[in-house]
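Chemist: Below is the file target_6.csv, which contains CSV, C-alpha atoms and all ligand atoms.
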chain,number,residue,atom,x,y,z
A,1132,MET,CA,-16.5,-19.1,11.1
A,1133,THR,CA,-14.9,-17.4,14.1
A,1134,SER,CA,-13.7,-13.9,13.5
A,1135,ARG,CA,-10.0,-13.0,13.9
A,1136,LEU,CA,-10.8,-9.3,14.1
A,1137,HIS,CA,-9.3,-7.6,17.2
A,1138,ARG,CA,-12.6,-5.7,17.5
A,1139,PRO,CA,-15.7,-5.6,15.4
A,1140,LEU,CA,-15.9,-3.1,12.5
A,1141,THR,CA,-18.6,-0.5,12.9
A,1142,ALA,CA,-21.2,0.2,10.2
A,1143,ASP,CA,-19.8,3.7,9.8
A,1144,GLU,CA,-16.3,2.4,9.2
A,1145,VAL,CA,-17.5,0.1,6.5
A,1146,ASP,CA,-19.7,2.8,4.9
A,1147,SER,CA,-16.8,5.3,4.9
A,1148,PHE,CA,-14.5,2.8,3.2
A,1149,ARG,CA,-17.0,2.1,0.5
A,1150,ARG,CA,-18.1,5.8,0.0
A,1151,ASP,CA,-14.7,7.5,0.4
A,1152,GLY,CA,-12.4,4.7,-0.6
A,1153,VAL,CA,-10.5,5.1,2.7
A,1154,THR,CA,-11.1,4.6,6.4
A,1155,MET,CA,-9.0,5.0,9.5
A,1156,LEU,CA,-9.5,2.2,12.0
A,1157,PRO,CA,-8.2,2.9,15.6
A,1158,ALA,CA,-7.0,-0.1,17.6
A,1159,MET,CA,-7.5,-2.7,14.9
A,1160,PHE,CA,-4.4,-4.8,15.6
A,1161,SER,CA,-3.1,-6.0,19.0
A,1162,ALA,CA,0.3,-5.1,20.4
A,1163,ASP,CA,1.4,-8.7,19.7
A,1164,TRP,CA,0.9,-8.2,16.0
A,1165,ILE,CA,2.8,-4.9,16.1
A,1166,ASP,CA,5.6,-6.7,17.8
A,1167,VAL,CA,5.6,-9.4,15.1
A,1168,LEU,CA,5.8,-6.8,12.3
A,1169,ARG,CA,8.5,-4.8,14.1
A,1170,SER,CA,10.7,-7.8,14.5
A,1171,GLY,CA,9.9,-8.8,10.8
A,1172,LEU,CA,10.9,-5.3,9.7
A,1173,ASP,CA,14.2,-5.5,11.6
A,1174,ALA,CA,15.0,-8.8,9.9
A,1175,HIS,CA,13.8,-7.4,6.5
A,1176,LEU,CA,16.1,-4.3,6.8
A,1177,ASP,CA,19.0,-6.7,7.5
A,1178,SER,CA,18.4,-8.5,4.3
A,1179,PRO,CA,16.3,-6.6,1.8
A,1180,THR,CA,15.1,-8.1,-1.5
A,1181,GLU,CA,16.6,-7.3,-4.9
A,1182,ARG,CA,13.6,-4.9,-5.4
A,1183,ALA,CA,14.6,-2.6,-2.5
A,1184,ARG,CA,15.2,1.0,-3.4
A,1185,ILE,CA,16.2,4.2,-1.6
A,1186,TRP,CA,13.6,6.7,-2.8
A,1187,ASP,CA,15.4,9.6,-1.2
A,1188,ARG,CA,18.7,10.5,0.4
A,1189,ASP,CA,19.3,14.1,1.5
A,1190,ALA,CA,22.5,16.1,2.2
A,1191,GLU,CA,22.3,15.1,5.9
A,1192,GLY,CA,22.1,11.4,4.9
A,1193,ARG,CA,18.4,11.0,5.9
A,1194,THR,CA,16.7,8.3,3.8
A,1195,MET,CA,13.4,6.9,2.6
A,1196,PHE,CA,13.7,3.1,2.1
A,1197,TRP,CA,11.2,1.1,0.2
A,1198,ASP,CA,10.9,-2.7,-0.6
A,1199,SER,CA,8.2,-5.1,-1.6
A,1200,MET,CA,7.2,-8.8,-1.8
A,1201,ALA,CA,9.6,-9.7,1.1
A,1202,TRP,CA,7.1,-12.0,2.8
A,1203,HIS,CA,8.2,-15.2,1.1
A,1204,GLY,CA,11.5,-15.0,2.9
A,1205,ASN,CA,10.4,-13.4,6.2
A,1206,ASP,CA,8.9,-15.6,8.9
A,1207,GLN,CA,7.2,-12.8,10.7
A,1208,TYR,CA,5.5,-11.4,7.6
A,1209,GLN,CA,4.3,-14.9,6.7
A,1210,GLN,CA,2.8,-15.3,10.1
A,1211,PHE,CA,1.1,-11.9,9.7
A,1212,VAL,CA,-0.3,-12.7,6.3
A,1213,HIS,CA,-1.7,-16.1,7.2
A,1214,GLU,CA,-2.8,-15.6,10.8
A,1215,SER,CA,-3.4,-11.9,11.6
A,1216,PRO,CA,-6.9,-10.2,11.2
A,1217,ALA,CA,-5.7,-8.5,8.0
A,1218,ALA,CA,-7.3,-10.8,5.4
A,1219,GLU,CA,-10.6,-10.8,7.1
A,1220,LEU,CA,-10.5,-7.1,7.6
A,1221,ALA,CA,-9.9,-6.6,3.9
A,1222,GLY,CA,-12.7,-9.1,3.0
A,1223,ARG,CA,-15.3,-7.4,5.2
A,1224,LEU,CA,-14.5,-3.9,4.0
A,1225,LEU,CA,-14.4,-4.9,0.3
A,1226,GLY,CA,-17.6,-7.0,0.8
A,1227,SER,CA,-15.8,-9.9,-1.0
A,1228,SER,CA,-16.4,-13.6,-0.6
A,1229,ARG,CA,-12.7,-14.5,-0.9
A,1230,VAL,CA,-9.5,-12.6,-0.4
A,1231,HIS,CA,-6.1,-13.3,-1.8
A,1232,PHE,CA,-2.8,-11.8,-0.6
A,1233,TYR,CA,-1.0,-9.7,-3.2
A,1234,PHE,CA,2.2,-8.3,-1.6
A,1235,ASP,CA,3.7,-6.5,1.3
A,1236,ALA,CA,5.6,-3.1,0.9
A,1237,VAL,CA,7.4,-1.1,3.5
A,1238,PHE,CA,8.1,2.6,3.7
A,1239,VAL,CA,10.8,3.5,6.2
A,1240,ARG,CA,11.8,7.2,6.7
A,1241,SER,CA,14.8,7.9,8.9
A,1242,GLN,CA,14.5,10.7,11.6
A,1243,GLY,CA,13.6,14.0,10.1
A,1244,SER,CA,13.2,12.9,6.5
A,1245,GLN,CA,11.4,15.6,4.5
A,1246,PHE,CA,10.7,13.3,1.6
A,1247,GLU,CA,7.0,13.4,0.5
A,1248,THR,CA,5.4,10.5,-1.4
A,1249,PRO,CA,4.2,11.8,-4.7
A,1250,TRP,CA,0.5,11.7,-5.2
A,1251,HIS,CA,-0.6,8.7,-7.2
A,1252,GLN,CA,-3.1,5.8,-7.5
A,1253,ASP,CA,-1.7,2.2,-6.9
A,1254,GLU,CA,-3.8,0.0,-9.1
A,1255,PRO,CA,-2.6,1.4,-12.5
A,1256,TYR,CA,1.0,0.2,-11.5
A,1257,TRP,CA,-0.1,-3.3,-10.6
A,1258,SER,CA,-0.2,-6.5,-12.6
A,1259,VAL,CA,-3.9,-7.0,-11.6
A,1260,SER,CA,-7.0,-5.0,-12.3
A,1261,GLY,CA,-10.3,-4.6,-10.4
A,1262,HIS,CA,-12.0,-2.3,-7.9
A,1263,ASP,CA,-12.1,-4.8,-5.1
A,1264,THR,CA,-8.5,-4.1,-3.9
A,1265,CYS,CA,-7.1,-2.5,-0.8
A,1266,THR,CA,-4.0,-1.7,1.1
A,1267,ILE,CA,-3.8,-1.8,4.9
A,1268,TRP,CA,-1.3,1.0,5.9
A,1269,MET,CA,0.1,0.4,9.4
A,1270,PRO,CA,2.5,2.7,11.2
A,1271,LEU,CA,4.8,0.8,13.6
A,1272,VAL,CA,5.6,4.1,15.4
A,1273,PRO,CA,3.3,7.0,16.3
A,1274,VAL,CA,2.7,9.5,13.5
A,1275,ASN,CA,0.9,12.9,13.4
A,1276,ALA,CA,-1.7,13.6,10.7
A,1277,ALA,CA,0.6,16.2,9.1
A,1278,ASN,CA,3.2,13.5,8.5
A,1279,ALA,CA,0.9,10.5,7.7
A,1280,LEU,CA,-0.3,9.3,4.3
A,1281,ALA,CA,-3.1,11.5,3.0
A,1282,PHE,CA,-6.0,10.8,0.7
A,1283,VAL,CA,-8.5,12.5,-1.6
A,1284,PRO,CA,-11.9,10.9,-0.5
A,1285,GLY,CA,-14.0,9.6,-3.4
A,1286,SER,CA,-11.2,9.8,-5.9
A,1287,HIS,CA,-11.2,6.0,-6.2
A,1288,ARG,CA,-14.3,6.4,-8.4
A,1289,ARG,CA,-12.5,8.7,-10.9
A,1290,ASP,CA,-12.2,7.0,-14.3
A,1291,GLU,CA,-9.4,9.1,-15.9
A,1292,VAL,CA,-6.0,7.6,-16.6
A,1293,PHE,CA,-3.7,9.9,-14.8
A,1294,ASP,CA,-0.1,10.7,-15.9
A,1295,GLN,CA,1.4,8.7,-13.0
A,1296,PRO,CA,4.8,9.5,-11.6
A,1297,ASP,CA,7.7,7.1,-12.3
A,1298,PHE,CA,8.8,5.9,-8.9
A,1299,GLY,CA,11.9,4.2,-10.5
A,1300,GLU,CA,13.2,7.7,-11.1
A,1301,LEU,CA,13.2,8.4,-7.4
A,1302,ASN,CA,16.2,6.1,-6.6
A,1303,PRO,CA,19.3,8.3,-6.1
A,1304,ASP,CA,21.6,5.2,-6.2
A,1305,ALA,CA,20.5,3.4,-9.3
A,1306,LYS,CA,17.5,4.6,-11.3
A,1307,VAL,CA,15.1,1.9,-12.6
A,1308,ASP,CA,13.3,3.3,-15.6
A,1309,ILE,CA,9.8,1.9,-15.7
A,1310,ASP,CA,9.1,3.7,-18.9
A,1311,ARG,CA,7.0,6.5,-17.8
A,1312,SER,CA,6.7,7.8,-21.4
A,1313,ASP,CA,4.1,5.1,-22.0
A,1314,PHE,CA,2.1,6.4,-19.1
A,1315,SER,CA,2.0,9.9,-20.5
A,1316,ALA,CA,1.1,8.4,-23.9
A,1317,ILE,CA,-2.1,6.9,-22.5
A,1318,ALA,CA,-2.8,9.6,-19.9
A,1319,GLU,CA,-6.1,11.5,-20.1
A,1320,ALA,CA,-5.3,13.9,-17.2
A,1321,ASP,CA,-2.4,15.2,-15.1
A,1322,ILE,CA,-2.6,14.3,-11.4
A,1323,PRO,CA,-4.2,17.3,-9.8
A,1324,ASP,CA,-1.9,19.7,-7.9
A,1325,ILE,CA,-3.3,18.5,-4.6
A,1326,ALA,CA,-0.5,19.7,-2.4
A,1327,SER,CA,-1.0,23.3,-3.4
A,1328,ASP,CA,-4.7,23.4,-2.2
A,1329,PRO,CA,-5.5,20.3,0.0
A,1330,ASP,CA,-8.7,21.9,1.3
A,1331,ARG,CA,-10.1,22.1,-2.2
A,1332,TYR,CA,-9.7,18.3,-2.6
A,1333,GLY,CA,-11.0,17.6,0.9
A,1334,VAL,CA,-7.7,15.8,1.8
A,1335,VAL,CA,-7.8,13.7,4.9
A,1336,SER,CA,-5.1,12.1,7.1
A,1337,TRP,CA,-5.0,11.1,10.8
A,1338,ASP,CA,-3.0,11.1,14.0
A,1339,MET,CA,-2.2,7.4,14.4
A,1340,LYS,CA,-0.4,5.1,16.8
A,1341,PRO,CA,0.8,1.5,16.4
A,1342,GLY,CA,-2.3,-0.8,16.3
A,1343,ASP,CA,-4.3,1.8,14.2
A,1344,CYS,CA,-4.5,1.3,10.5
A,1345,VAL,CA,-5.8,3.1,7.4
A,1346,VAL,CA,-7.4,0.9,4.8
A,1347,PHE,CA,-7.7,2.4,1.3
A,1348,ASN,CA,-9.0,1.3,-2.1
A,1349,SER,CA,-6.1,1.0,-4.5
A,1350,ARG,CA,-7.6,3.5,-7.0
A,1351,ILE,CA,-7.7,6.3,-4.5
A,1352,LEU,CA,-5.4,9.3,-5.0
A,1353,HIS,CA,-2.9,9.3,-2.1
A,1354,GLY,CA,0.5,10.7,-1.2
A,1355,GLY,CA,2.1,13.5,0.8
A,1356,SER,CA,3.4,11.6,3.9
A,1357,GLY,CA,6.7,12.8,5.2
A,1358,ARG,CA,8.1,16.2,6.3
A,1359,LEU,CA,9.0,14.6,9.6
A,1360,PRO,CA,10.1,16.5,12.7
A,1361,GLU,CA,13.8,16.2,13.4
A,1362,ASP,CA,13.3,13.6,16.2
A,1363,ARG,CA,10.7,11.4,14.5
A,1364,GLU,CA,11.2,8.5,12.2
A,1365,LEU,CA,8.3,6.8,10.3
A,1366,ARG,CA,8.2,3.0,9.8
A,1367,VAL,CA,5.2,1.7,7.9
A,1368,PHE,CA,4.2,-1.8,6.9
A,1369,THR,CA,1.6,-2.2,4.2
A,1370,SER,CA,-0.2,-5.3,2.9
A,1371,LYS,CA,-2.2,-5.4,-0.3
A,1372,TRP,CA,-5.3,-7.5,-0.7
A,1373,LEU,CA,-7.4,-8.7,-3.7
A,1374,GLY,CA,-11.1,-9.4,-3.6
A,1375,ASP,CA,-13.9,-10.8,-5.9
A,1376,ASP,CA,-13.6,-8.8,-9.1
A,1377,VAL,CA,-9.8,-8.8,-9.4
A,1378,ARG,CA,-8.2,-10.5,-12.4
A,1379,ILE,CA,-4.5,-10.8,-13.5
A,1380,ALA,CA,-3.7,-7.9,-16.0
A,1381,PHE,CA,-0.2,-7.7,-17.4
A,1382,ARG,CA,0.0,-4.1,-18.6
A,1383,ASP,CA,2.0,-2.6,-21.4
A,1384,VAL,CA,3.0,0.4,-19.3
A,1385,GLY,CA,4.5,1.2,-15.9
A,1386,MET,CA,4.1,-1.9,-13.8
A,1387,ASP,CA,5.9,-1.1,-10.5
A,1388,PRO,CA,6.6,-3.2,-8.6
A,1389,ASP,CA,6.6,-5.5,-11.6
A,1390,PHE,CA,5.9,-9.0,-10.5
A,1391,SER,CA,4.8,-10.2,-14.0
A,1392,ASP,CA,7.7,-12.5,-14.5
A,1393,MET,CA,7.2,-14.1,-11.1
A,1394,MET,CA,3.5,-14.4,-11.8
A,1395,ARG,CA,4.0,-16.0,-15.3
A,1396,ALA,CA,6.5,-18.4,-13.7
A,1397,HIS,CA,3.7,-19.5,-11.4
A,1398,GLY,CA,1.4,-20.1,-14.4
A,1399,LEU,CA,-0.7,-17.0,-14.1
A,1400,ALA,CA,-1.9,-15.3,-17.2
A,1401,SER,CA,-3.9,-12.1,-17.9
A,1402,GLY,CA,-7.6,-12.7,-17.2
A,1403,ASP,CA,-7.0,-15.4,-14.6
A,1404,ARG,CA,-8.2,-15.1,-11.1
A,1405,PRO,CA,-5.5,-14.6,-8.5
A,1406,GLY,CA,-4.2,-17.9,-7.1
A,1407,THR,CA,-1.1,-20.2,-6.7
A,1408,ALA,CA,1.4,-20.0,-3.8
A,1409,LEU,CA,2.4,-16.5,-5.0
A,1410,LEU,CA,-1.0,-14.9,-4.5
A,1411,PRO,CA,-2.7,-17.3,-2.1
A,1412,LYS,CA,-6.3,-17.2,-0.9
A,1413,ILE,CA,-6.1,-16.3,2.8
A,1414,TRP,CA,-9.7,-15.7,3.7
A,1415,SER,CA,-13.2,-16.6,2.5
A,1416,THR,CA,-16.8,-16.5,3.7
A,1417,GLU,CA,-17.1,-20.3,3.2
A,1501,LIG,O1,3.7,5.5,3.2
A,1501,LIG,C1,4.0,6.1,2.2
A,1501,LIG,O2,4.7,7.2,2.2
A,1501,LIG,C2,3.5,5.7,0.8
A,1501,LIG,C3,2.5,4.5,0.9
A,1501,LIG,C4,1.9,4.2,-0.4
A,1501,LIG,O3,1.9,5.0,-1.3
A,1501,LIG,C5,1.2,2.9,-0.5
A,1501,LIG,O4,1.1,2.1,0.4
A,1501,LIG,O5,0.6,2.7,-1.6
Just give me the structure as structure tokens.

Modeler:
Amino acid sequence: MTSRLHRPLTADEVDSFRRDGVTMLPAMFSADWIDVLRSGLDAHLDSPTERARIWDRDAEGRTMFWDSMAWHGNDQYQQFVHESPAAELAGRLLGSSRVHFYFDAVFVRSQGSQFETPWHQDEPYWSVSGHDTCTIWMPLVPVNAANALAFVPGSHRRDEVFDQPDFGELNPDAKVDIDRSDFSAIAEADIPDIASDPDRYGVVSWDMKPGDCVVFNSRILHGGSGRLPEDRELRVFTSKWLGDDVRIAFRDVGMDPDFSDMMRAHGLASGDRPGTALLPKIWSTE
């Protein structure tokens, strides 16, 4: 099978992803793919889905916009999902024999936005479970390490259920309660106060430019991006990928974004492998 990767992965990059749960990959996507995503994001911002939320709007009108699962109605995102190196990249880092696409999510901060993403893990919010999951985080503009998404290396191996934040509560326009009380009912630990002592947790982030990406395991603790300089915006496209051990898991608590109705409508049930046109297989070693 011919590789679609823009450049080969090094052994160190694969090792750091598996050991730390995160790796930064310079120059992993060509300028053409960044152009595709930029024009896809422009179209997306013109017609967001019903899931779109403003996570923050400050007194000066600076905003943080979020939306997810827009790819079904966005030609450029569809092209990226099916034809870009992303699925193969996920498969090779996860060491999986097949990779399904889960969903896209965008994080768009206007110039000077100070909003910081709360620290959290992704997989406890999802309607799937497994360790073979990852996100590819791609800035479509240059970003400094101080403003980029940050990670606690190795935290993807922690087994505690954390008291996860309720992102629905972030929307200043119309709050969407995802019933955080249930998260606190099952929580075994508070999310550590990582922001107050990042060195203690070995927090990492990187200076990045378009074409670079960070790939992270969906159980890693991450957050903290933002605090932008006055003249800088941050436009990020993320794609979420599912590997060999992943199964559908409708949860009693805190699914956000909650695709469970859509998944059920496609015939998916807890315990199933991902599949159907909603979560299609994009890459395999066959
Ligand atoms: O870019 C951000 O601020 C947040 C990204 C994030 O939390 C994610 O992709 O899971």

Chemist: Can you tell me which residues sit at most 8 Å away from ligand LIG 1501 (chain A), counting only C-alpha atoms and all ligand atoms, written as a ChimeraX atom specification?

Modeler: /A:1236-1239,1247-1253,1266-1268,1279-1280,1349,1353-1357,1367,1369-1370

Chemist: Which of these residues is nearest to Asp1308 (chain A), using only C-alpha atoms: A:Asp1206, A:Val1384, A:Pro1284, A:Phe1293?

Modeler: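 Looking only at the distances to Asp1308 (chain A), the closest residue turns out to be A:Val1384.
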
Chemist: Tell me which protein, DNA and RNA residues are within 10 Å of Gly1285 (chain A), counting only C-alpha atoms, leaving out same-chain ones fewer than 2 positions away, and put them as an mmCIF file with C-alpha atoms, in the coordinates of the input.

Modeler:
data_model
loop_
_atom_site.group_PDB
_atom_site.id
_atom_site.type_symbol
_atom_site.label_atom_id
_atom_site.label_comp_id
_atom_site.auth_asym_id
_atom_site.auth_seq_id
_atom_site.Cartn_x
_atom_site.Cartn_y
_atom_site.Cartn_z
ATOM 1 C CA SER A 1147 -16.800 5.300 4.900
ATOM 2 C CA PHE A 1148 -14.500 2.800 3.200
ATOM 3 C CA ARG A 1149 -17.000 2.100 0.500
ATOM 4 C CA ARG A 1150 -18.100 5.800 0.000
ATOM 5 C CA ASP A 1151 -14.700 7.500 0.400
ATOM 6 C CA GLY A 1152 -12.400 4.700 -0.600
ATOM 7 C CA VAL A 1153 -10.500 5.100 2.700
ATOM 8 C CA PHE A 1282 -6.000 10.800 0.700
ATOM 9 C CA VAL A 1283 -8.500 12.500 -1.600
ATOM 10 C CA HIS A 1287 -11.200 6.000 -6.200
ATOM 11 C CA ARG A 1288 -14.300 6.400 -8.400
ATOM 12 C CA ARG A 1289 -12.500 8.700 -10.900
ATOM 13 C CA TYR A 1332 -9.700 18.300 -2.600
ATOM 14 C CA GLY A 1333 -11.000 17.600 0.900
ATOM 15 C CA ASN A 1348 -9.000 1.300 -2.100
ATOM 16 C CA ARG A 1350 -7.600 3.500 -7.000
ATOM 17 C CA ILE A 1351 -7.700 6.300 -4.500
ATOM 18 C CA LEU A 1352 -5.400 9.300 -5.000
#

Chemist: For Trp1186 (chain A), which residue out of A:Gly1204, A:Pro1303, A:Gly1243, A:Pro1139 is the nearest one, using only C-alpha atoms?

Modeler: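 Among A:Gly1204, A:Pro1303, A:Gly1243, A:Pro1139, it is A:Pro1303 that comes nearest to Trp1186 (chain A).
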
Chemist: Check the smallest atom-to-atom distance from each of A:Phe1298, A:Trp1257, A:Phe1347, A:Phe1314 to Tyr1233 (chain A) using all atoms listed in the file, then report the winner.

Modeler: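 That would be A:Trp1257, the residue with the smallest distance to Tyr1233 (chain A).
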
Chemist: Report, in Å with one decimal, the straight-line distance from CA of Val1272 (chain A) to CA of Tyr1208 (chain A).

Modeler: 17.4 Å

Chemist: I need every residue sitting at most 9 Å from the point (-6.4, 10.7, -17.5) (coordinates as in the file, only C-alpha atoms considered), written as a PyMOL selection string.

Modeler: chain A and resi 1290-1294+1315+1317-1322

Chemist: Just the number, please: distance in Å from CA of Val1167 (chain A) to CA of Asn1205 (chain A), one decimal.

Modeler: 10.9 Å

Chemist: Any idea what the distance is between CA of Asp1166 (chain A) and CA of Lys1340 (chain A)?

Modeler: 13.3 Å

Chemist: Report as a tab-separated table the residues of region 1221-1328 of chain A within 10 Å of region 1390-1407 of chain A, each with its shortest atom pair and distance in Å (one decimal), using all atoms listed in the file, ordered by chain and increasing residue number.

Modeler:
residue	atom	partner	partner_atom	distance
A:Val1230	CA	A:Pro1405	CA	9.3
A:His1231	CA	A:Pro1405	CA	6.9
A:Phe1232	CA	A:Pro1405	CA	8.8
A:Tyr1233	CA	A:Pro1405	CA	8.5
A:Phe1234	CA	A:Phe1390	CA	9.7
A:Trp1257	CA	A:Phe1390	CA	8.3
A:Ser1258	CA	A:Ser1391	CA	6.4
A:Val1259	CA	A:Ser1401	CA	8.1
A:Ser1260	CA	A:Gly1402	CA	9.1

Chemist: Which protein, DNA or RNA residues are at most 12 Å from (18.9, 9.0, 4.3) in the file's coordinates when you count only C-alpha atoms, listed as a VMD selection string?

Modeler: chain A and resid 1184 to 1197 1239 to 1246 1302 to 1304 1364

Chemist: With only C-alpha atoms as the atoms that count, which of A:Gly1261, A:Pro1329, A:Pro1388, A:Gly1342 lies nearest to Ala1217 (chain A)?

Modeler: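 Residue with the minimum atom-to-atom distance to Ala1217 (chain A): A:Gly1342.
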
Chemist: Name the residues in contact with Asp1343 (chain A) at a cut-off of 8 Å, using all atoms listed in the file, excluding same-chain residues fewer than 4 positions from it; report them as a list in words.

Modeler: Met1155, Leu1156, Pro1157, Ala1158, Met1159, Phe1160, Met1269, Pro1270 and Met1339 of chain A

Chemist: Show which residues sit within 10 Å of Leu1140 (chain A), as a ChimeraX atom specification. Count all atoms listed in the file, and ignore same-chain residues fewer than 2 positions away.

Modeler: /A:1136-1138,1142-1145,1156,1159,1220,1223-1224

Chemist: Counting only C-alpha atoms, what is within 9 Å of Arg1169 (chain A), bar same-chain residues fewer than 6 positions away, as a ChimeraX atom specification?

Modeler: /A:1207,1271,1366,1368
